[in-house]
Every structure is written in C-alpha cells, then in structure tokens.
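Participant: Mind looking over this structure? Questions follow.
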Amino acid sequence: ILWFANEEGYSVCPRSQGTKIGIGNIPKSVDIILSMSRLRRIVDYDHANLTVTVESGVKLSDLQKVLEDKRQFIPIDPMFSSMCSVGGIISSNSNGPRRLRYGSVRDLVIGMKAVLPTGEKIKAGGKVVKNVAGYDMCKLFIGSFGTLGVVTEATFKLYPLPELEKTVLVFFNESAQAFEIASSILDSVVFPSSLNVLNPSVIEVLSGNLGIAFRENSFCLVVRLEGFRESVEREVREIQKMSGPNVRILGSSEQKRFWMVLSDFSHLSQSKFRFKASVPISTTLDAFKNFDEYSASLGSKINLVSHAGSGIIYGFLRTGDMDKLIGVIDQSNSYTAGLGGYFVVESAPIEIKEKINVWGYLPGGVNIMQILKEKFDPKGIVNPGRLL
C-alpha cells in the first residue's frame, strides 16, 4: 500500500485504535487511511529473558493480560491505557506516571520493524536487552507520529510484577503543600513509581466516576508504590509520617479502578481542549498555579494533573469562547517557553487548530528533523504537515 501510494503521490494516515489521532497539526492532505488494527499477533514472548515482540495493532490492555499470566508486565501507562495500541504509543511517545520509576517508551522499546514510505521494509534493534550494534534507529521512530514510516512490530523489555502495590492519597488545602511533600518524597528513601498532584476539579470528576467519597475542595498528592511487600509497607509508613492526618490508602480493587479512570480522564472530563506542558521540575508548582489563573480568565474550570516528579502538567478545559482560548494558549506558550519548557496542544477543536501551531515554540534541531523527513519520505506522503 505504501509503495503504491508513493508511486501515485497519495497521502497516507496510519491509525489503529485512534486514541492519538487528534494529536498534532491538521494534516495537509489525507487520501488513504491505513488501518493497523488487524496486526494484532504476539510474535514472540520470551518470558525467561523478559522480552516480548508484538505487532503494532495489539492493544496494550490485551498484551498486559497475557503477560500477567507469567507475573510480568510492560510498565507503560499512557492516557487511554484501556484502549490504545502499541503502535499508537510508540508513534506518539506516550508515557504515563510510571515513567518516574521505569523510564519512558524510548527506554523500553529495544527493537522494531517498520515500512518506509517507499515500501521498503526495515528493522532496528533486536530481541535482547543488551544490544549495542549499530545506530539506535528505534528512537528515531518513537515520537515521529508516523511521519517517517509505519511501525509494524516492536520488541519491549519487561519487568516482573511487583509483589505488592499501594496507592496513597494525601489531601491538602493548597497546591504548594502538595508539591512540597512531593519534593520531600523525592529526596527521601521512598522510591515511588508514580507521583501525581491533582487539583480539586479533577478530584470532583474522579469521585463522581469512582463512587468514592474524597475530601472536597482539596488538592491531592497521589503516590503509587510498587515492589517487595516489606519495602512498600515501610514506604507507606514514611509517607504517613511526612504527610500528617489527611491520608487515605486505597484498597486493591479501589486502586485498580482509580488508575484506570485517571488514565481515561480526558474522556470522563468531556473536555474539548487538552494541553501538555513540560517544564523544569523546580518550576512545576509555579506553572501549575499559573495555568489555574489563566483558565479563570475564561470563566471555566480547569482540570490539572501533574506528574510531579517529571515536570509534566496536563490541563483539560471545557469552554466555548474560542477567541479567549487562543489568547490563553498564546499566554501559556510564552510563559512555558520562558521557563525553558514546552507547551503542546494535544487536543482541540478544528477551528482552534486552524489558528495555532499545536507544537508551540519548536525545539532546537528542527532542521535535522526536516532533513530526516525528506530522506525517509522524499515525496512527503505520510502524515504530511502533522508534525512539521
């Protein structure tokens, strides 16, 4: 299909489950939608060596169920974890809160196969964890949003399932208190796999969807702990000492539902607009507060979810005032760039996308990205304009 499209000059948009299809600029043209959803085989599962090779249409949730039988898992928990495919995760470099402990998609993918826009099939990396032969082409495709070619197969390194998992919620009146304790945890002997700060609007949505009564009008620090039973129980006690009385520990069934709902928060909040800001960790609190203030000018509540240990903040908004929203985007973009970070509009109505560059201020190395695009896709047929 790609060879034919390249010969005839047709533009191609690869997709599987469609959970990441809204990220990026509006493509300049789309002639062919290339569905990857039937590429869903598990090609090779070497549980003894902690690796698995799958086709790109495999859903992450289905893969995790297979791995669970051998007490293993891939520590990736991106947005829409229950629905997204392996190919979508790789193409968008989608990472979740567990990145704090286990690293990003770039660290977990050790091999892949892809088809270039010319129809040529290539492979990179391998099926062993320690593989240092040649250029690491995998990282080139991760986060390329399908603009360099179509990933058809990927090999991941795996981790044993933890013996015990605990989710600790700590409630505060002010966001500064939540970030202060988060910083204390990072400086302590506690080794969390996730560290999130949620604003009161997020707590309200979660409470309604989980059927769990949380403390109202509060900021919440969410700490996910995983590992051997003895170490996790000790870490829980350490957090209780640091945090004071407003601590809640979720039960096993509660915490599973909690993380699933938080992963699908974009749908549950019914937000038409979603952004992702990446800032230096030391400035996360200031950015968190500023985004809250900017949304006030829209007369709309904003839902803020921060990966406090990574300097990442997601914002979800429901508003119909497009002109004001564009002003807030420009303001947030300039502010984030001033901190040395990046502001990306991940989801927005078409009328907004038509007036902005969703990637904000482009990073250094754009010229290299453009040269690579021209080398891999000389006719510009795959997702033209979506990334660059």
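Residues are referred to by chain and number: the chain letter is A, B, ... according to the order shown in the structure tokens, the number counts from 1 in that chain, and ligands are numbered separately from 1 in the order shown.
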Find the spatial neighbours of Val328 in chain A, counting only C-alpha atoms, within a cut-off of 9 Å - ignore same-chain residues fewer than 5 positions away - and output them as a ChimeraX atom specification.

Facilitator: /A:291,294-295,297-298,323,333

Participant: Identify all residues of range 140-327 of chain A in strand (DSSP E) (DSSP on the backbone) and supply them as a compact mmCIF listing (two decimals) with all heavy atoms, in the first residue's frame.

Facilitator:
```txt
# COMPACT_ATOMS: atom_id res chain seq x y z
N VAL A 150 5.83 3.51 8.86
CA VAL A 150 4.81 2.84 9.66
C VAL A 150 5.44 1.70 10.46
O VAL A 150 5.98 0.76 9.87
CB VAL A 150 3.68 2.30 8.76
CG1 VAL A 150 2.62 1.59 9.61
CG2 VAL A 150 3.05 3.42 7.96
N VAL A 151 5.38 1.80 11.78
CA VAL A 151 5.89 0.74 12.65
C VAL A 151 4.93 -0.44 12.58
O VAL A 151 3.71 -0.29 12.80
CB VAL A 151 6.03 1.23 14.10
CG1 VAL A 151 6.46 0.09 15.02
CG2 VAL A 151 7.03 2.38 14.18
N THR A 152 5.46 -1.62 12.28
CA THR A 152 4.61 -2.81 12.15
C THR A 152 4.81 -3.81 13.29
O THR A 152 3.95 -4.64 13.55
CB THR A 152 4.90 -3.54 10.82
OG1 THR A 152 6.29 -3.87 10.75
CG2 THR A 152 4.53 -2.66 9.64
N GLU A 153 5.96 -3.73 13.96
CA GLU A 153 6.29 -4.70 15.01
C GLU A 153 7.24 -4.06 16.01
O GLU A 153 8.07 -3.23 15.62
CB GLU A 153 6.97 -5.90 14.36
CG GLU A 153 7.01 -7.17 15.16
CD GLU A 153 7.58 -8.33 14.36
OE1 GLU A 153 6.88 -8.82 13.45
OE2 GLU A 153 8.75 -8.70 14.63
N ALA A 154 7.12 -4.42 17.28
CA ALA A 154 8.01 -3.84 18.29
C ALA A 154 8.35 -4.87 19.36
O ALA A 154 7.53 -5.74 19.69
CB ALA A 154 7.35 -2.63 18.94
N THR A 155 9.58 -4.75 19.87
CA THR A 155 10.03 -5.61 20.96
C THR A 155 10.24 -4.76 22.21
O THR A 155 10.93 -3.74 22.16
CB THR A 155 11.35 -6.33 20.60
OG1 THR A 155 11.15 -7.12 19.43
CG2 THR A 155 11.82 -7.22 21.74
N PHE A 156 9.65 -5.19 23.33
CA PHE A 156 9.75 -4.47 24.60
C PHE A 156 10.52 -5.30 25.61
O PHE A 156 10.44 -6.54 25.61
CB PHE A 156 8.35 -4.22 25.19
CG PHE A 156 7.50 -3.28 24.40
CD1 PHE A 156 6.69 -3.74 23.37
CD2 PHE A 156 7.48 -1.92 24.69
CE1 PHE A 156 5.90 -2.88 22.64
CE2 PHE A 156 6.69 -1.04 23.98
CZ PHE A 156 5.89 -1.53 22.94
N LYS A 157 11.23 -4.61 26.48
CA LYS A 157 11.75 -5.32 27.66
C LYS A 157 10.70 -5.25 28.75
O LYS A 157 9.96 -4.27 28.87
CB LYS A 157 13.09 -4.73 28.11
CG LYS A 157 13.08 -3.32 28.64
CD LYS A 157 14.50 -2.95 29.08
CE LYS A 157 14.56 -1.52 29.59
NZ LYS A 157 15.92 -1.15 30.03
N TYR A 159 9.20 -6.26 32.90
CA TYR A 159 9.55 -6.26 34.33
C TYR A 159 8.67 -7.27 35.05
O TYR A 159 7.52 -7.51 34.64
CB TYR A 159 9.32 -4.87 34.93
CG TYR A 159 10.41 -3.87 34.63
CD1 TYR A 159 10.46 -3.24 33.39
CD2 TYR A 159 11.39 -3.57 35.57
CE1 TYR A 159 11.46 -2.31 33.09
CE2 TYR A 159 12.39 -2.65 35.28
CZ TYR A 159 12.42 -2.03 34.05
OH TYR A 159 13.41 -1.13 33.76
N PRO A 160 9.19 -7.87 36.13
CA PRO A 160 8.33 -8.74 36.95
C PRO A 160 7.25 -7.90 37.63
O PRO A 160 7.49 -6.75 38.00
CB PRO A 160 9.30 -9.31 38.00
CG PRO A 160 10.68 -9.02 37.49
CD PRO A 160 10.57 -7.79 36.65
N LEU A 164 3.81 -6.32 45.81
CA LEU A 164 2.76 -5.53 46.45
C LEU A 164 2.69 -4.15 45.79
O LEU A 164 3.72 -3.57 45.42
CB LEU A 164 3.04 -5.36 47.94
CG LEU A 164 2.00 -4.58 48.76
CD1 LEU A 164 0.65 -5.32 48.79
CD2 LEU A 164 2.49 -4.33 50.18
N GLU A 165 1.48 -3.65 45.65
CA GLU A 165 1.27 -2.29 45.13
C GLU A 165 0.34 -1.54 46.07
O GLU A 165 -0.68 -2.08 46.51
CB GLU A 165 0.66 -2.35 43.73
CG GLU A 165 0.37 -0.98 43.12
CD GLU A 165 -0.27 -1.07 41.74
OE1 GLU A 165 -0.16 -2.13 41.10
OE2 GLU A 165 -0.89 -0.07 41.32
N LYS A 166 0.68 -0.32 46.39
CA LYS A 166 -0.15 0.53 47.24
C LYS A 166 -0.29 1.91 46.60
O LYS A 166 0.67 2.44 46.03
CB LYS A 166 0.46 0.70 48.63
CG LYS A 166 0.41 -0.54 49.51
CD LYS A 166 -1.01 -0.81 50.03
CE LYS A 166 -1.04 -1.98 51.01
NZ LYS A 166 -2.40 -2.27 51.49
N THR A 167 -1.48 2.48 46.70
CA THR A 167 -1.72 3.85 46.24
C THR A 167 -2.14 4.69 47.45
O THR A 167 -3.14 4.39 48.11
CB THR A 167 -2.82 3.90 45.17
OG1 THR A 167 -2.39 3.13 44.03
CG2 THR A 167 -3.07 5.34 44.73
N VAL A 168 -1.34 5.71 47.73
CA VAL A 168 -1.57 6.57 48.90
C VAL A 168 -2.04 7.94 48.41
O VAL A 168 -1.39 8.56 47.55
CB VAL A 168 -0.27 6.74 49.73
CG1 VAL A 168 -0.54 7.60 50.96
CG2 VAL A 168 0.27 5.37 50.13
N LEU A 169 -3.16 8.40 48.94
CA LEU A 169 -3.69 9.73 48.62
C LEU A 169 -3.50 10.63 49.83
O LEU A 169 -3.85 10.26 50.95
CB LEU A 169 -5.17 9.67 48.26
CG LEU A 169 -5.63 8.64 47.21
CD1 LEU A 169 -7.13 8.78 46.96
CD2 LEU A 169 -4.87 8.82 45.92
N VAL A 170 -2.94 11.82 49.58
CA VAL A 170 -2.76 12.79 50.66
C VAL A 170 -3.44 14.09 50.24
O VAL A 170 -3.17 14.60 49.14
CB VAL A 170 -1.26 13.06 50.94
CG1 VAL A 170 -1.13 13.86 52.23
CG2 VAL A 170 -0.47 11.77 51.03
N PHE A 171 -4.31 14.61 51.08
CA PHE A 171 -5.11 15.79 50.73
C PHE A 171 -4.58 17.05 51.41
O PHE A 171 -4.17 17.02 52.58
CB PHE A 171 -6.58 15.55 51.12
CG PHE A 171 -7.21 14.41 50.36
CD1 PHE A 171 -7.23 13.13 50.90
CD2 PHE A 171 -7.75 14.61 49.11
CE1 PHE A 171 -7.79 12.07 50.22
CE2 PHE A 171 -8.32 13.55 48.40
CZ PHE A 171 -8.35 12.28 48.96
N PHE A 172 -4.62 18.17 50.67
CA PHE A 172 -4.10 19.45 51.16
C PHE A 172 -5.05 20.59 50.77
O PHE A 172 -5.80 20.48 49.80
CB PHE A 172 -2.72 19.74 50.55
CG PHE A 172 -1.69 18.69 50.82
CD1 PHE A 172 -1.47 17.65 49.91
CD2 PHE A 172 -0.92 18.71 51.98
CE1 PHE A 172 -0.53 16.68 50.14
CE2 PHE A 172 0.03 17.73 52.22
CZ PHE A 172 0.23 16.72 51.30
N SER A 194 5.00 6.35 40.77
CA SER A 194 4.23 7.49 40.25
C SER A 194 4.05 8.51 41.36
O SER A 194 3.91 8.15 42.54
CB SER A 194 2.85 7.05 39.76
OG SER A 194 2.93 6.04 38.81
N LEU A 195 4.02 9.78 40.96
CA LEU A 195 3.85 10.87 41.91
C LEU A 195 3.04 11.96 41.21
O LEU A 195 3.57 12.72 40.40
CB LEU A 195 5.22 11.39 42.33
CG LEU A 195 5.36 12.18 43.64
CD1 LEU A 195 4.91 11.35 44.83
CD2 LEU A 195 6.81 12.63 43.82
N ASN A 196 1.74 12.01 41.49
CA ASN A 196 0.85 12.95 40.80
C ASN A 196 0.27 13.96 41.78
O ASN A 196 -0.01 13.63 42.93
CB ASN A 196 -0.32 12.20 40.15
CG ASN A 196 0.10 11.41 38.93
OD1 ASN A 196 1.28 11.32 38.61
ND2 ASN A 196 -0.87 10.84 38.24
N VAL A 197 0.04 15.18 41.27
CA VAL A 197 -0.72 16.17 42.02
C VAL A 197 -1.96 16.51 41.20
O VAL A 197 -1.87 16.83 40.01
CB VAL A 197 0.10 17.45 42.28
CG1 VAL A 197 -0.78 18.51 42.95
CG2 VAL A 197 1.31 17.16 43.17
N LEU A 198 -3.14 16.42 41.85
CA LEU A 198 -4.41 16.68 41.19
C LEU A 198 -5.08 17.89 41.83
O LEU A 198 -5.05 18.04 43.05
CB LEU A 198 -5.34 15.47 41.33
CG LEU A 198 -4.73 14.07 41.13
CD1 LEU A 198 -5.78 13.00 41.40
CD2 LEU A 198 -4.16 13.93 39.73
N PHE A 219 -6.54 19.73 47.13
CA PHE A 219 -5.52 19.26 46.21
C PHE A 219 -5.05 17.90 46.72
O PHE A 219 -4.99 17.68 47.93
CB PHE A 219 -4.34 20.23 46.16
CG PHE A 219 -4.70 21.55 45.53
CD1 PHE A 219 -5.22 22.58 46.32
CD2 PHE A 219 -4.52 21.76 44.17
CE1 PHE A 219 -5.57 23.80 45.76
CE2 PHE A 219 -4.86 22.99 43.61
CZ PHE A 219 -5.39 24.00 44.39
N CYS A 220 -4.76 17.01 45.79
CA CYS A 220 -4.43 15.64 46.20
C CYS A 220 -3.08 15.22 45.63
O CYS A 220 -2.82 15.36 44.42
CB CYS A 220 -5.52 14.69 45.71
SG CYS A 220 -5.25 12.97 46.21
N LEU A 221 -2.23 14.72 46.50
CA LEU A 221 -0.98 14.11 46.08
C LEU A 221 -1.21 12.60 46.03
O LEU A 221 -1.63 12.00 47.01
CB LEU A 221 0.14 14.43 47.07
CG LEU A 221 1.48 13.73 46.85
CD1 LEU A 221 2.10 14.13 45.53
CD2 LEU A 221 2.44 14.01 48.01
N VAL A 222 -0.96 12.00 44.87
CA VAL A 222 -1.17 10.57 44.68
C VAL A 222 0.19 9.90 44.54
O VAL A 222 0.96 10.23 43.64
CB VAL A 222 -2.01 10.29 43.41
CG1 VAL A 222 -2.33 8.80 43.31
CG2 VAL A 222 -3.28 11.13 43.41
N VAL A 223 0.47 8.96 45.43
CA VAL A 223 1.76 8.26 45.43
C VAL A 223 1.51 6.78 45.16
O VAL A 223 0.78 6.13 45.91
CB VAL A 223 2.50 8.41 46.77
CG1 VAL A 223 3.93 7.88 46.65
CG2 VAL A 223 2.51 9.86 47.23
N ARG A 224 2.12 6.28 44.10
CA ARG A 224 2.00 4.86 43.77
C ARG A 224 3.30 4.18 44.16
O ARG A 224 4.38 4.58 43.74
CB ARG A 224 1.74 4.69 42.28
CG ARG A 224 1.38 3.28 41.85
CD ARG A 224 1.09 3.24 40.35
NE ARG A 224 0.32 2.09 39.95
CZ ARG A 224 -0.26 1.96 38.76
NH1 ARG A 224 -0.14 2.93 37.87
NH2 ARG A 224 -0.95 0.88 38.45
N LEU A 225 3.18 3.12 44.96
CA LEU A 225 4.35 2.40 45.45
C LEU A 225 4.27 0.96 44.98
O LEU A 225 3.22 0.31 45.07
CB LEU A 225 4.38 2.44 46.98
CG LEU A 225 4.39 3.84 47.60
CD1 LEU A 225 4.08 3.76 49.09
CD2 LEU A 225 5.72 4.53 47.37
N GLU A 226 5.39 0.44 44.47
CA GLU A 226 5.43 -0.92 43.96
C GLU A 226 6.74 -1.59 44.35
O GLU A 226 7.78 -0.93 44.38
CB GLU A 226 5.31 -0.93 42.43
CG GLU A 226 3.98 -0.38 41.91
CD GLU A 226 3.98 -0.27 40.39
OE1 GLU A 226 4.82 0.46 39.83
OE2 GLU A 226 3.13 -0.93 39.77
N GLY A 227 6.67 -2.89 44.64
CA GLY A 227 7.91 -3.60 44.97
C GLY A 227 7.66 -4.76 45.90
O GLY A 227 6.55 -5.31 45.96
N VAL A 247 -4.54 11.34 55.13
CA VAL A 247 -4.00 10.30 54.25
C VAL A 247 -5.05 9.22 54.06
O VAL A 247 -5.74 8.82 55.00
CB VAL A 247 -2.72 9.68 54.85
CG1 VAL A 247 -2.24 8.52 53.99
CG2 VAL A 247 -1.63 10.72 54.99
N ARG A 248 -5.18 8.77 52.82
CA ARG A 248 -6.09 7.65 52.54
C ARG A 248 -5.34 6.63 51.69
O ARG A 248 -4.69 6.98 50.70
CB ARG A 248 -7.32 8.14 51.79
CG ARG A 248 -8.24 6.99 51.38
CD ARG A 248 -9.56 7.48 50.88
NE ARG A 248 -10.46 6.37 50.59
CZ ARG A 248 -11.76 6.50 50.38
NH1 ARG A 248 -12.31 7.71 50.46
NH2 ARG A 248 -12.51 5.47 50.10
N ILE A 249 -5.39 5.36 52.09
CA ILE A 249 -4.74 4.28 51.33
C ILE A 249 -5.83 3.48 50.63
O ILE A 249 -6.75 2.97 51.28
CB ILE A 249 -3.92 3.37 52.26
CG1 ILE A 249 -2.84 4.19 52.98
CG2 ILE A 249 -3.26 2.25 51.45
CD1 ILE A 249 -2.14 3.45 54.09
N PHE A 273 -10.62 20.48 24.97
CA PHE A 273 -9.27 21.04 24.83
C PHE A 273 -8.34 20.41 25.86
O PHE A 273 -8.67 20.37 27.04
CB PHE A 273 -9.33 22.56 25.03
CG PHE A 273 -7.99 23.23 24.98
CD1 PHE A 273 -7.39 23.54 23.77
CD2 PHE A 273 -7.31 23.55 26.16
CE1 PHE A 273 -6.14 24.15 23.73
CE2 PHE A 273 -6.07 24.16 26.12
CZ PHE A 273 -5.49 24.46 24.91
N ARG A 274 -7.20 19.90 25.39
CA ARG A 274 -6.23 19.28 26.30
C ARG A 274 -4.84 19.76 25.93
O ARG A 274 -4.48 19.79 24.75
CB ARG A 274 -6.30 17.76 26.19
CG ARG A 274 -5.31 17.02 27.08
CD ARG A 274 -5.45 15.52 26.99
NE ARG A 274 -4.80 14.93 25.84
CZ ARG A 274 -5.42 14.31 24.84
NH1 ARG A 274 -6.74 14.21 24.85
NH2 ARG A 274 -4.75 13.80 23.83
N PHE A 275 -4.06 20.13 26.94
CA PHE A 275 -2.68 20.51 26.67
C PHE A 275 -1.73 19.72 27.56
O PHE A 275 -2.12 19.17 28.59
CB PHE A 275 -2.46 22.03 26.85
CG PHE A 275 -2.51 22.51 28.29
CD1 PHE A 275 -1.43 22.36 29.15
CD2 PHE A 275 -3.65 23.15 28.77
CE1 PHE A 275 -1.48 22.80 30.46
CE2 PHE A 275 -3.71 23.61 30.08
CZ PHE A 275 -2.61 23.44 30.93
N LYS A 276 -0.47 19.71 27.14
CA LYS A 276 0.60 19.10 27.93
C LYS A 276 1.74 20.09 28.01
O LYS A 276 2.25 20.57 27.00
CB LYS A 276 1.09 17.81 27.26
CG LYS A 276 2.28 17.16 27.96
CD LYS A 276 2.79 15.96 27.16
CE LYS A 276 4.04 15.37 27.78
NZ LYS A 276 4.56 14.24 26.98
N ALA A 277 2.14 20.42 29.22
CA ALA A 277 3.28 21.32 29.43
C ALA A 277 4.41 20.53 30.09
O ALA A 277 4.17 19.78 31.04
CB ALA A 277 2.88 22.50 30.32
N SER A 278 5.61 20.69 29.56
CA SER A 278 6.80 20.06 30.15
C SER A 278 7.72 21.18 30.62
O SER A 278 8.18 21.98 29.80
CB SER A 278 7.52 19.20 29.11
OG SER A 278 6.64 18.24 28.57
N ILE A 302 -10.62 24.49 35.16
CA ILE A 302 -9.60 23.69 34.51
C ILE A 302 -9.28 22.48 35.37
O ILE A 302 -9.23 22.58 36.60
CB ILE A 302 -8.33 24.52 34.22
CG1 ILE A 302 -7.34 23.71 33.35
CG2 ILE A 302 -7.64 24.95 35.52
CD1 ILE A 302 -6.18 24.53 32.83
N ASN A 303 -9.10 21.34 34.74
CA ASN A 303 -8.65 20.14 35.43
C ASN A 303 -7.16 20.00 35.22
O ASN A 303 -6.70 19.95 34.07
CB ASN A 303 -9.38 18.90 34.88
CG ASN A 303 -10.88 18.99 35.03
OD1 ASN A 303 -11.39 19.12 36.12
ND2 ASN A 303 -11.59 18.92 33.91
N LEU A 304 -6.39 19.94 36.29
CA LEU A 304 -4.94 19.86 36.19
C LEU A 304 -4.42 18.58 36.83
O LEU A 304 -4.75 18.27 37.98
CB LEU A 304 -4.29 21.07 36.87
CG LEU A 304 -4.47 22.43 36.19
CD1 LEU A 304 -3.93 23.55 37.07
CD2 LEU A 304 -3.79 22.46 34.83
N VAL A 305 -3.63 17.85 36.07
CA VAL A 305 -2.97 16.63 36.54
C VAL A 305 -1.48 16.80 36.29
O VAL A 305 -1.05 16.95 35.15
CB VAL A 305 -3.48 15.38 35.79
CG1 VAL A 305 -2.72 14.15 36.26
CG2 VAL A 305 -4.98 15.19 35.99
N SER A 306 -0.70 16.79 37.38
CA SER A 306 0.75 16.96 37.24
C SER A 306 1.49 15.68 37.60
O SER A 306 1.20 15.08 38.63
CB SER A 306 1.24 18.10 38.14
OG SER A 306 2.65 18.16 38.13
N HIS A 307 2.42 15.28 36.73
CA HIS A 307 3.38 14.23 37.09
C HIS A 307 4.51 14.95 37.82
O HIS A 307 5.48 15.41 37.20
CB HIS A 307 3.89 13.51 35.85
CG HIS A 307 2.81 12.85 35.04
ND1 HIS A 307 3.06 12.22 33.84
CD2 HIS A 307 1.48 12.71 35.27
CE1 HIS A 307 1.92 11.73 33.37
NE2 HIS A 307 0.96 12.02 34.22
N ILE A 312 5.82 17.44 34.33
CA ILE A 312 4.79 17.40 33.28
C ILE A 312 3.44 17.76 33.88
O ILE A 312 3.08 17.29 34.96
CB ILE A 312 4.73 16.02 32.63
CG1 ILE A 312 6.02 15.77 31.84
CG2 ILE A 312 3.52 15.87 31.71
CD1 ILE A 312 6.18 14.36 31.32
N ILE A 313 2.70 18.61 33.16
CA ILE A 313 1.37 19.03 33.61
C ILE A 313 0.40 18.87 32.44
O ILE A 313 0.65 19.36 31.33
CB ILE A 313 1.35 20.49 34.07
CG1 ILE A 313 2.32 20.71 35.23
CG2 ILE A 313 -0.07 20.92 34.47
CD1 ILE A 313 2.53 22.18 35.58
N TYR A 314 -0.70 18.16 32.70
CA TYR A 314 -1.78 18.05 31.73
C TYR A 314 -2.92 18.96 32.18
O TYR A 314 -3.27 18.99 33.36
CB TYR A 314 -2.29 16.62 31.62
CG TYR A 314 -1.38 15.69 30.85
CD1 TYR A 314 -0.48 14.87 31.52
CD2 TYR A 314 -1.43 15.63 29.46
CE1 TYR A 314 0.36 14.00 30.80
CE2 TYR A 314 -0.59 14.79 28.75
CZ TYR A 314 0.29 13.97 29.42
OH TYR A 314 1.12 13.13 28.72
N GLY A 315 -3.50 19.67 31.22
CA GLY A 315 -4.65 20.51 31.51
C GLY A 315 -5.82 20.15 30.62
O GLY A 315 -5.65 19.87 29.43
N PHE A 316 -7.03 20.12 31.21
CA PHE A 316 -8.25 19.76 30.47
C PHE A 316 -9.27 20.89 30.67
O PHE A 316 -9.56 21.25 31.81
CB PHE A 316 -8.82 18.44 30.99
CG PHE A 316 -7.83 17.31 31.04
CD1 PHE A 316 -6.96 17.17 32.12
CD2 PHE A 316 -7.76 16.39 30.01
CE1 PHE A 316 -6.03 16.13 32.17
CE2 PHE A 316 -6.85 15.34 30.05
CZ PHE A 316 -5.99 15.21 31.13
N LEU A 317 -9.81 21.40 29.56
CA LEU A 317 -10.74 22.54 29.64
C LEU A 317 -12.00 22.28 28.83
O LEU A 317 -11.94 21.65 27.76
CB LEU A 317 -10.06 23.80 29.09
CG LEU A 317 -9.33 24.72 30.06
CD1 LEU A 317 -8.53 25.75 29.27
CD2 LEU A 317 -10.30 25.42 31.00
```

Participant: With only C-alpha atoms as the atoms that count, which of A:Ser310, A:Ile110, A:Ile42, A:Asn199 lies nearest to Asn95 in chain A?

Facilitator: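 When distances to Asn95 in chain A are compared using only C-alpha atoms, the smallest one comes from A:Ser310.
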
Participant: List every residue of range 52-98 of chain A that has an atom at most 7 Å from any atom of range 13-35 of chain A, giving for each one its closest atom pair and the distance in Å to one decimal, counting only C-alpha atoms, sorted by chain and then by ascending residue number, as JSON lines.

Facilitator:
```
{"residue": "A:Gly57", "atom": "CA", "partner": "A:Ser16", "partner_atom": "CA", "distance": 6.0}
{"residue": "A:Phe80", "atom": "CA", "partner": "A:Thr19", "partner_atom": "CA", "distance": 6.9}
{"residue": "A:Met83", "atom": "CA", "partner": "A:Gln17", "partner_atom": "CA", "distance": 6.9}
{"residue": "A:Cys84", "atom": "CA", "partner": "A:Gln17", "partner_atom": "CA", "distance": 5.8}
{"residue": "A:Ser85", "atom": "CA", "partner": "A:Gln17", "partner_atom": "CA", "distance": 6.1}
{"residue": "A:Gly88", "atom": "CA", "partner": "A:Lys20", "partner_atom": "CA", "distance": 6.3}
```

Participant: Take the residues that were just selected and, keeping N, CA and C atoms, output them as a CSV table (one decimal), in the first residue's frame.

Facilitator:
```csv
chain,number,residue,atom,x,y,z
A,57,GLY,N,-0.6,-3.4,16.0
A,57,GLY,CA,-2.1,-3.2,16.3
A,57,GLY,C,-2.5,-3.8,17.6
A,80,PHE,N,-5.5,6.8,28.0
A,80,PHE,CA,-6.3,5.8,27.3
A,80,PHE,C,-5.7,4.4,27.3
A,83,MET,N,-7.5,1.4,25.9
A,83,MET,CA,-7.9,1.3,24.5
A,83,MET,C,-6.8,1.4,23.5
A,84,CYS,N,-5.7,2.0,23.9
A,84,CYS,CA,-4.6,2.4,22.9
A,84,CYS,C,-3.8,1.1,22.5
A,85,SER,N,-3.3,1.3,21.3
A,85,SER,CA,-2.5,0.2,20.7
A,85,SER,C,-1.0,0.5,20.9
A,88,GLY,N,0.3,3.1,18.4
A,88,GLY,CA,0.0,4.5,18.8
A,88,GLY,C,0.9,5.0,19.9
```

Participant: What's the 12 Å shell around Leu372 in chain A, counting only C-alpha atoms, without same-chain residues fewer than 6 positions away, as a PyMOL selection string?

Facilitator: chain A and resi 137+140-141+144+147-149+365-366+378+380+388

Participant: Determine which residues of range 1-82 of chain A DSSP labels as helix (DSSP H, G or I) from the backbone of this structure, then write them out as a ChimeraX atom specification.

Facilitator: /A:2-8,47-49,60-68

Participant: Restricting the calculation to only C-alpha atoms, which member of A:Ile212, A:Met36, A:Ile1, A:Ala182 is positioned closest to Ile381 in chain A?

Facilitator: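 Result for the nearest residue to Ile381 in chain A: A:Ile1.
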
Participant: Interatomic distance between CA of Glu351 in chain A and CA of Leu268 in chain A?

Facilitator: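 Computing the Euclidean distance for CA of Glu351 in chain A and CA of Leu268 in chain A yields 22.6 Å.
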
Participant: When distances are computed from only C-alpha atoms, which of A:Val344, A:Ile76, A:Met260, A:Val54 shows the smallest separation from Leu206 in chain A?

Facilitator: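 Closest residue, counting only C-alpha atoms: A:Met260.
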
Participant: If you measure from CA of Glu55 in chain A to CA of Arg386 in chain A, what distance in Å do you get, rounded to one decimal?

Facilitator: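 Atom-to-atom, CA of Glu55 in chain A to CA of Arg386 in chain A, that is 23.7 Å.
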
Participant: Under the rule that only C-alpha atoms are counted, which of A:Arg229, A:Lys289, A:Lys127, A:Arg234 is the nearest residue to Glu174 in chain A?

Facilitator: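 Closest to Glu174 in chain A, using only C-alpha atoms: A:Lys289.
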
Participant: Using only C-alpha atoms, which residues sit within 6 Å of Pro280 in chain A once same-chain residues fewer than 2 positions away are excluded, as a ChimeraX atom specification?

Facilitator: /A:282-283,311

Participant: Would you put the residues from that selection into a file with all heavy atoms, as a CSV table (one decimal), in the first residue's frame?

Facilitator:
```
chain,number,residue,atom,x,y,z
A,282,SER,N,11.7,22.0,39.1
A,282,SER,CA,11.7,23.0,40.1
A,282,SER,C,10.6,24.1,39.9
A,282,SER,O,10.3,24.8,40.8
A,282,SER,CB,13.1,23.7,40.3
A,282,SER,OG,13.4,24.3,39.0
A,283,THR,N,10.1,24.2,38.7
A,283,THR,CA,9.1,25.2,38.4
A,283,THR,C,7.7,24.7,38.2
A,283,THR,O,6.8,25.4,37.9
A,283,THR,CB,9.5,26.0,37.1
A,283,THR,OG1,9.4,25.0,36.0
A,283,THR,CG2,10.9,26.5,37.1
A,311,GLY,N,8.0,17.0,36.0
A,311,GLY,CA,7.8,18.3,35.5
A,311,GLY,C,6.8,18.4,34.4
A,311,GLY,O,6.8,19.3,33.5
```

Participant: Quick one: residues within 9 Å of Ser334 in chain A, only C-alpha atoms, excluding same-chain residues fewer than 4 positions away - as a count of residues only?

Facilitator: 7

Participant: So how far away is CA of Val382 in chain A from CA of Asp77 in chain A, in Å?

Facilitator: 27.1 Å
